[in-house]
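Each remark here refers to the structure printed beneath this line.
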Amino acid sequence: MNVELVKAINTVWVAICAAMIFQMEGGFALLEAGFIRSKNSVSVIAKVIMDIIFGGIAFYVIGFAIAYGPSSGWFGAGFGIIKPSLEITIPDSLFWFLQFGFAVAAISIVSGAVTERIKTWAYATFVFIFVAFIYPVTAGWVWNSNGWLAKLGFNDFAGSAAVHAVGGWAACAGAIVLGPRIGKYSKDGSSNAIPGHNLPLASIGAFVLWFGWFGFNPGSTLAAVGNWELIGKVVTNTFLASAMGGIATMFYTALRYKRIDISMVINGILAGLVAITAGCNLVTYHFAIIIGLVAGVLVDIAVAVIDDMKIDDPVGAVAVHGVNGLWGTVAVGLFAAGKGLFLCGKVDFLFVQALGGFACAIFSFVISFLVFVVMKKTVGLRVSKNEEIAGVDLVTYGVEAYATFE
Amino acid sequence: MNVELVKAINTVWVAICAAMIFQMEGGFALLEAGFIRSKNSVSVIAKVIMDIIFGGIAFYVIGFAIAYGPSSGWFGAGFGIIKPSLEITIPDSLFWFLQFGFAVAAISIVSGAVTERIKTWAYATFVFIFVAFIYPVTAGWVWNSNGWLAKLGFNDFAGSAAVHAVGGWAACAGAIVLGPRIGKYSKDGSSNAIPGHNLPLASIGAFVLWFGWFGFNPGSTLAAVGNWELIGKVVTNTFLASAMGGIATMFYTALRYKRIDISMVINGILAGLVAITAGCNLVTYHFAIIIGLVAGVLVDIAVAVIDDMKIDDPVGAVAVHGVNGLWGTVAVGLFAAGKGLFLCGKVDFLFVQALGGFACAIFSFVISFLVFVVMKKTVGLRVSKNEEIAGVDLVTYGVEAYATFE
Amino acid sequence: MNVELVKAINTVWVAICAAMIFQMEGGFALLEAGFIRSKNSVSVIAKVIMDIIFGGIAFYVIGFAIAYGPSSGWFGAGFGIIKPSLEITIPDSLFWFLQFGFAVAAISIVSGAVTERIKTWAYATFVFIFVAFIYPVTAGWVWNSNGWLAKLGFNDFAGSAAVHAVGGWAACAGAIVLGPRIGKYSKDGSSNAIPGHNLPLASIGAFVLWFGWFGFNPGSTLAAVGNWELIGKVVTNTFLASAMGGIATMFYTALRYKRIDISMVINGILAGLVAITAGCNLVTYHFAIIIGLVAGVLVDIAVAVIDDMKIDDPVGAVAVHGVNGLWGTVAVGLFAAGKGLFLCGKVDFLFVQALGGFACAIFSFVISFLVFVVMKKTVGLRVSKNEEIAGVDLVTYGVEAYATFE
């Protein structure tokens, strides 16, 4: 095969997928803005913009070299766009941009969980620390060919663990350290629903994310030449799991609450997408359906449990990304063709998957928790009570999302 | 040519186009939500989500095998992702996902016409029946190499008939069986305009659909290798017809009503897109312009006629997709290079095009009509009068699209 | 290399990039609609639709042949889709559609600056004149292999000058001839902020534009085969400049106004994108960062200066596209590898870049100014005072963006 043609094909493939992944940021911004109150909706969009611009510089200067440098993924050998420690047939620079798309997705998961109450500059600082130092360590474990999980045969195709669990459990740490929004929990311990201000806006976000996932998962092939059948499989598995996640949540909420909860259905679809992300390269269609079905139920239960624990996660980021990132990672150990527990009867691979999933989640949770606590004790993490009541948009940004219509 | 490279190129091409087609669902959801009242806007987004998730499973389990199985397109030989009865150089699974994109577009056309009054679970049932049994039959006629229309030389490149007419006339059946919304027609027979609640939202939907069409039509090549000139032609024809559809509607409404009707201009653009879909591979640019121009006028007339017949189609789905799907299919018989009536003076091909277009439309209309009537007589099709007045969002879904802004 | 494969790969690449560029129109529409008052938001969306549909026909019938015909870019040799005067390995028709994407971007820059007060049909006329006659002349100078700037070695990779400066300075001409909106400037000379009515809507537009830029810049390679490393470089430079543009504006507004101005941050990101567009093929990452950083500061200063001059540009189009289009063009002369002033110490190339940038800007400004003045003196350019106060949507289009919610 002509090498020039191979590189051209793979570059076209990855360049488009990377752009699709990048535009998922718009999806995060709108989903989160729609699911919260109007008085903080500009501020959450600002958070996602910070994810991109501060995260971009952090990943350029420091993060990428830590994740893909030669030193086993713990610390990088240099700064900037280094030669990554894995074989690719696309430009290093394009690989950088693709990987940045994953990094910024991880931090954007956090933005939803801490919104409506975190200080702007404190959040910006966390973005930099997370994308420069926390995310790259686990990404290096999983995807750097010298990473200890990669060497164990850990399979996290597009990042149920490395992106979603890492982002989701950092989000959980943030929500715990910040504490719940004023008015979320009454003195008698009951939880008060705080409805999103614009569900059509949130649904735009969901459709944008759904579209982007068809770059996120198949783009993780890193090459089209030699992978054409794999691409078809990944695309179809991605879709089937998302559909079943939505169906499961629809029936679950209809049976449990006598009403379809459409916000939860959106989360069920996203949960299916998150869960299939680790194993979309290894499982058959029927197992993709099962993985999505479980994810769609799991997200409902997780939202309720997290609420019972009085962890206030305004958009359900922990349940969608944290819980289902873990579920998806473990599920590969159960259902992977040839080596999953249910297909070969051996627990070795399941053990590696569970180990890798929890290692990523715990590392991210613990370090993020410490960072948030240190920030809380020093620069302060939470806006004033007055600002929280008046809205971050008006006080910090001096604007309203919707100026008087005229 | 190296087969591995050919397959890689074609897979990249179709994978991206399929993702673009899939994201048109977001376009349908937002267009329809914006064009109706706020009190039902969540419910129409829920309908499009149902199109995807129930339609996806229906097409996976049953529909695809009916459409692309070996049995001449009437009934499939098996379930799931079978080997399709046509030659492709992409994975079967990717072909499945691409074809699912067409199937779900067809059912999403229905969602707009029946909105603001159909029961949720009745709609979900119709989605399953339509995607599992109705759409696949006509798709098999047209695109399965054993289909009777395919054998006659019927040319429906990306589905003016198989997708748009089939969807549009099923939508018409639904609107008729359901009857008009409360307040749409006064006792004296006059029609009352019910303005859409959010035109910027509707316009997002229109832009999303327009973008998606550049996957929908050129992606129907199913392969880029050997088709590079065809892809350019299809893209350009698609654009030119849409532009002329918009221009025609703009002048038509400006002359007729003394004001440009921007909602109708959006429908004119979509009408041009629908109409060029059948023949974008066969007509020259100038005929694409003429097809779009006629479509832009036809959609205005059709909207008025359908309204005069007291068929309440809140978003104009029948006029856009049903009428212009037929127009586009017939237009290929008039303008196709080498064999259209105006180019070779013979009616044979025109006859095949008219036959195919009307066969698809009538089949879809009749079967859908029967299904809707049976559902009406058994499980019930329409929400209660109280629910319709209060809004489906609040009563069925327990939410409001826009919770009190604070 | 097999020519058929090369053409297939390049066609896939450009077809997808062209679609991404086309969908930027949705971005322009929503950004502009969100940044202005609700009473004119439908009318600005209508303007962007006119950009596409009238611009499309103008570019098809006349503009393309002027830009890419053999006659040195001044006047074309014929009408319609001619064989362009540069070497391409994609269909002429696809090249046409790609170039149309650039043309329509240029005119869409104008739509924002003249909004809230220009007459609909006057605007439609300007669209036709601009896309048929003004834009193609400068595009021919720059990109036609016979263009005088092309022959001088002018480097405007994806159009900082040919698209953004040309659009931005035409926008400036329109804003000057029209005069400011009623109420924008008080009698004492002070400027009154007129806040945008829907910042989440504007942010959707920004994300759509950002995504589209990853087609706009790398798609300007016109071919993937032989350019795989260049594509990676262009993508990464495009991102880095946008991130730094956003960061620079964030710090600038935070320091200067004690508050982050999120609308300006969006403009800072766009300014970074505009500025890197000319040189993304020639500069290193570090210079991309510097170009974006300067752009992010320049846009803030430019907005203030333009406002001081009492030129009312509701969305900041002149500052973003006009000023930073020039900056980006000149910056190539400073930073280009091997030939920029700061890298080789010679001013020759810098002189060509400055000459080209200002030639494009001045030509566009002067001709557009004359066209606007002639229109003002003849058919009239501005809506009546009553219409401006009541809103263009209601008076000209007979609709409201947001009908009473029910």
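Each chain in the structure tokens gets a letter, A, B, ..., in the order shown, and its residues are numbered from 1; ligands are numbered from 1 in order too.
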Show me, as number ranges by chain, the residues that have an atom within 8 Å of range 231-243 of chain A when counting only C-alpha atoms, minus same-chain residues fewer than 3 positions from it. A: 213-214, 217-218, 221, 224, 227-228, 246-247, 268-273, 275-277, 280-281, 283-285, 288-293; B: 11, 15, 52-54, 56-57, 90-94, 96-97
Could you pull out all residues of range 135-333 of chain C with a DSSP call of helix (DSSP H, G or I) and give them as a ChimeraX atom specification? /C:135-143,148-151,160-178,199-216,218-221,228-257,262-276,285-308,317-333
Counting only C-alpha atoms, collect the residues of chain A whose closest atom lies at most 9 Å from chain C, and write them out as an NGL selection string. :A and (2 or 4-5 or 7-13 or 15-16 or 19-20 or 22-23 or 25-27 or 29-30 or 33-34 or 41-43 or 45-46 or 49-50 or 52-57 or 60 or 90-97 or 201 or 396-406)
Pick from B:Ala132, B:Val48, B:Val114, B:Val366 nearest to Ile66 in chain B, counting only C-alpha atoms: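 Distance minimum relative to Ile66 in chain B lands on B:Ala132.
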Show me, as a CSV table (one decimal) with all heavy atoms, in the first residue's frame, the residues that have an atom within 7 Å of Ala113 in chain A when counting only C-alpha atoms, minus same-chain residues fewer than 4 positions from it.
chain,number,residue,atom,x,y,z
A,171,ALA,N,-15.9,15.4,39.1
A,171,ALA,CA,-17.2,16.2,39.3
A,171,ALA,C,-17.8,15.9,40.7
A,171,ALA,O,-18.3,16.8,41.4
A,171,ALA,CB,-18.2,15.9,38.2
A,175,ALA,N,-18.6,18.5,43.7
A,175,ALA,CA,-19.9,18.7,44.2
A,175,ALA,C,-19.9,18.5,45.7
A,175,ALA,O,-20.6,19.3,46.5
A,175,ALA,CB,-20.9,17.8,43.6
A,313,ASP,N,-25.8,17.6,42.4
A,313,ASP,CA,-25.1,17.5,41.1
A,313,ASP,C,-26.2,18.0,40.1
A,313,ASP,O,-27.0,17.2,39.6
A,313,ASP,CB,-24.7,16.1,40.8
A,313,ASP,CG,-24.2,15.9,39.4
A,313,ASP,OD1,-24.0,16.9,38.6
A,313,ASP,OD2,-23.9,14.7,39.0
A,314,PRO,N,-26.2,19.3,39.8
A,314,PRO,CA,-27.4,19.9,39.0
A,314,PRO,C,-27.8,19.2,37.7
A,314,PRO,O,-28.9,19.2,37.3
A,314,PRO,CB,-26.9,21.4,38.8
A,314,PRO,CG,-26.0,21.6,39.9
A,314,PRO,CD,-25.3,20.3,40.1
A,315,VAL,N,-26.8,18.6,37.0
A,315,VAL,CA,-27.1,18.1,35.7
A,315,VAL,C,-27.0,16.5,35.7
A,315,VAL,O,-27.1,15.9,34.6
A,315,VAL,CB,-26.2,18.7,34.6
A,315,VAL,CG1,-26.4,20.2,34.6
A,315,VAL,CG2,-24.8,18.3,34.8
A,317,ALA,N,-24.2,14.8,36.3
A,317,ALA,CA,-22.9,14.4,35.7
A,317,ALA,C,-22.3,13.1,36.3
A,317,ALA,O,-21.7,12.3,35.6
A,317,ALA,CB,-21.9,15.6,35.7
As a check of understanding: the span from CA of Gly296 in chain B to CA of Ile62 in chain C is 22.7 Å
Near range 350-361 of chain C, within 7 Å and counting only C-alpha atoms, which residues show up once chain neighbours fewer than 6 positions away are dropped, as an MDAnalysis selection string? chainID C and resid 138 149 152 154 161:162 165:166 169 326 329:330 333:334 340:341
Residue selection dump (N, CA and C atoms) as a JSON list (two decimals), in the first residue's frame:
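File selection-v7.json, as written:
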[["chain", "number", "residue", "atom", "x", "y", "z"],
["C", 138, "THR", "N", -11.71, 40.47, -5.41],
["C", 138, "THR", "CA", -10.58, 40.29, -4.49],
["C", 138, "THR", "C", -10.21, 38.81, -4.36],
["C", 149, "LEU", "N", -2.15, 39.50, -6.85],
["C", 149, "LEU", "CA", -1.59, 39.23, -5.52],
["C", 149, "LEU", "C", -1.00, 37.83, -5.46],
["C", 152, "LEU", "N", 2.36, 37.86, -6.81],
["C", 152, "LEU", "CA", 3.35, 38.50, -5.93],
["C", 152, "LEU", "C", 3.79, 37.59, -4.78],
["C", 154, "PHE", "N", 1.61, 36.54, -2.39],
["C", 154, "PHE", "CA", 0.74, 36.86, -1.25],
["C", 154, "PHE", "C", 0.22, 35.56, -0.64],
["C", 161, "ALA", "N", -7.73, 37.97, 4.59],
["C", 161, "ALA", "CA", -7.97, 39.15, 3.76],
["C", 161, "ALA", "C", -9.16, 38.93, 2.84],
["C", 162, "ALA", "N", -9.09, 37.87, 2.03],
["C", 162, "ALA", "CA", -10.07, 37.68, 0.95],
["C", 162, "ALA", "C", -11.48, 37.47, 1.45],
["C", 165, "ALA", "N", -11.42, 40.34, 5.90],
["C", 165, "ALA", "CA", -11.24, 41.78, 5.74],
["C", 165, "ALA", "C", -12.23, 42.32, 4.71],
["C", 166, "VAL", "N", -12.41, 41.58, 3.63],
["C", 166, "VAL", "CA", -13.36, 42.03, 2.60],
["C", 166, "VAL", "C", -14.78, 42.14, 3.18],
["C", 169, "TRP", "N", -14.84, 45.04, 6.12],
["C", 169, "TRP", "CA", -14.81, 46.45, 5.72],
["C", 169, "TRP", "C", -16.02, 46.83, 4.89],
["C", 326, "LEU", "N", -7.21, 42.07, 8.79],
["C", 326, "LEU", "CA", -5.99, 42.79, 8.43],
["C", 326, "LEU", "C", -4.81, 42.36, 9.30],
["C", 329, "THR", "N", -3.45, 39.03, 8.24],
["C", 329, "THR", "CA", -2.75, 39.07, 6.96],
["C", 329, "THR", "C", -1.35, 39.65, 7.13],
["C", 330, "VAL", "N", -1.27, 40.71, 7.89],
["C", 330, "VAL", "CA", 0.03, 41.34, 8.14],
["C", 330, "VAL", "C", 0.91, 40.42, 8.99],
["C", 333, "GLY", "N", 3.32, 38.17, 7.41],
["C", 333, "GLY", "CA", 4.55, 38.84, 7.00],
["C", 333, "GLY", "C", 5.56, 38.99, 8.12],
["C", 334, "LEU", "N", 5.07, 38.94, 9.35],
["C", 334, "LEU", "CA", 5.98, 39.03, 10.50],
["C", 334, "LEU", "C", 6.53, 37.67, 10.92],
["C", 340, "GLY", "N", 9.13, 35.56, 7.12],
["C", 340, "GLY", "CA", 8.59, 36.64, 7.92],
["C", 340, "GLY", "C", 9.68, 37.56, 8.42],
["C", 341, "LEU", "N", 9.32, 38.81, 8.67],
["C", 341, "LEU", "CA", 10.30, 39.80, 9.12],
["C", 341, "LEU", "C", 11.10, 39.32, 10.32]]
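Put simply, CA of Ile311 in chain A is 9.4 Å away from CA of Val177 in chain A.
Put simply, CA of Phe342 in chain C is 17.0 Å away from CA of Ala278 in chain C.
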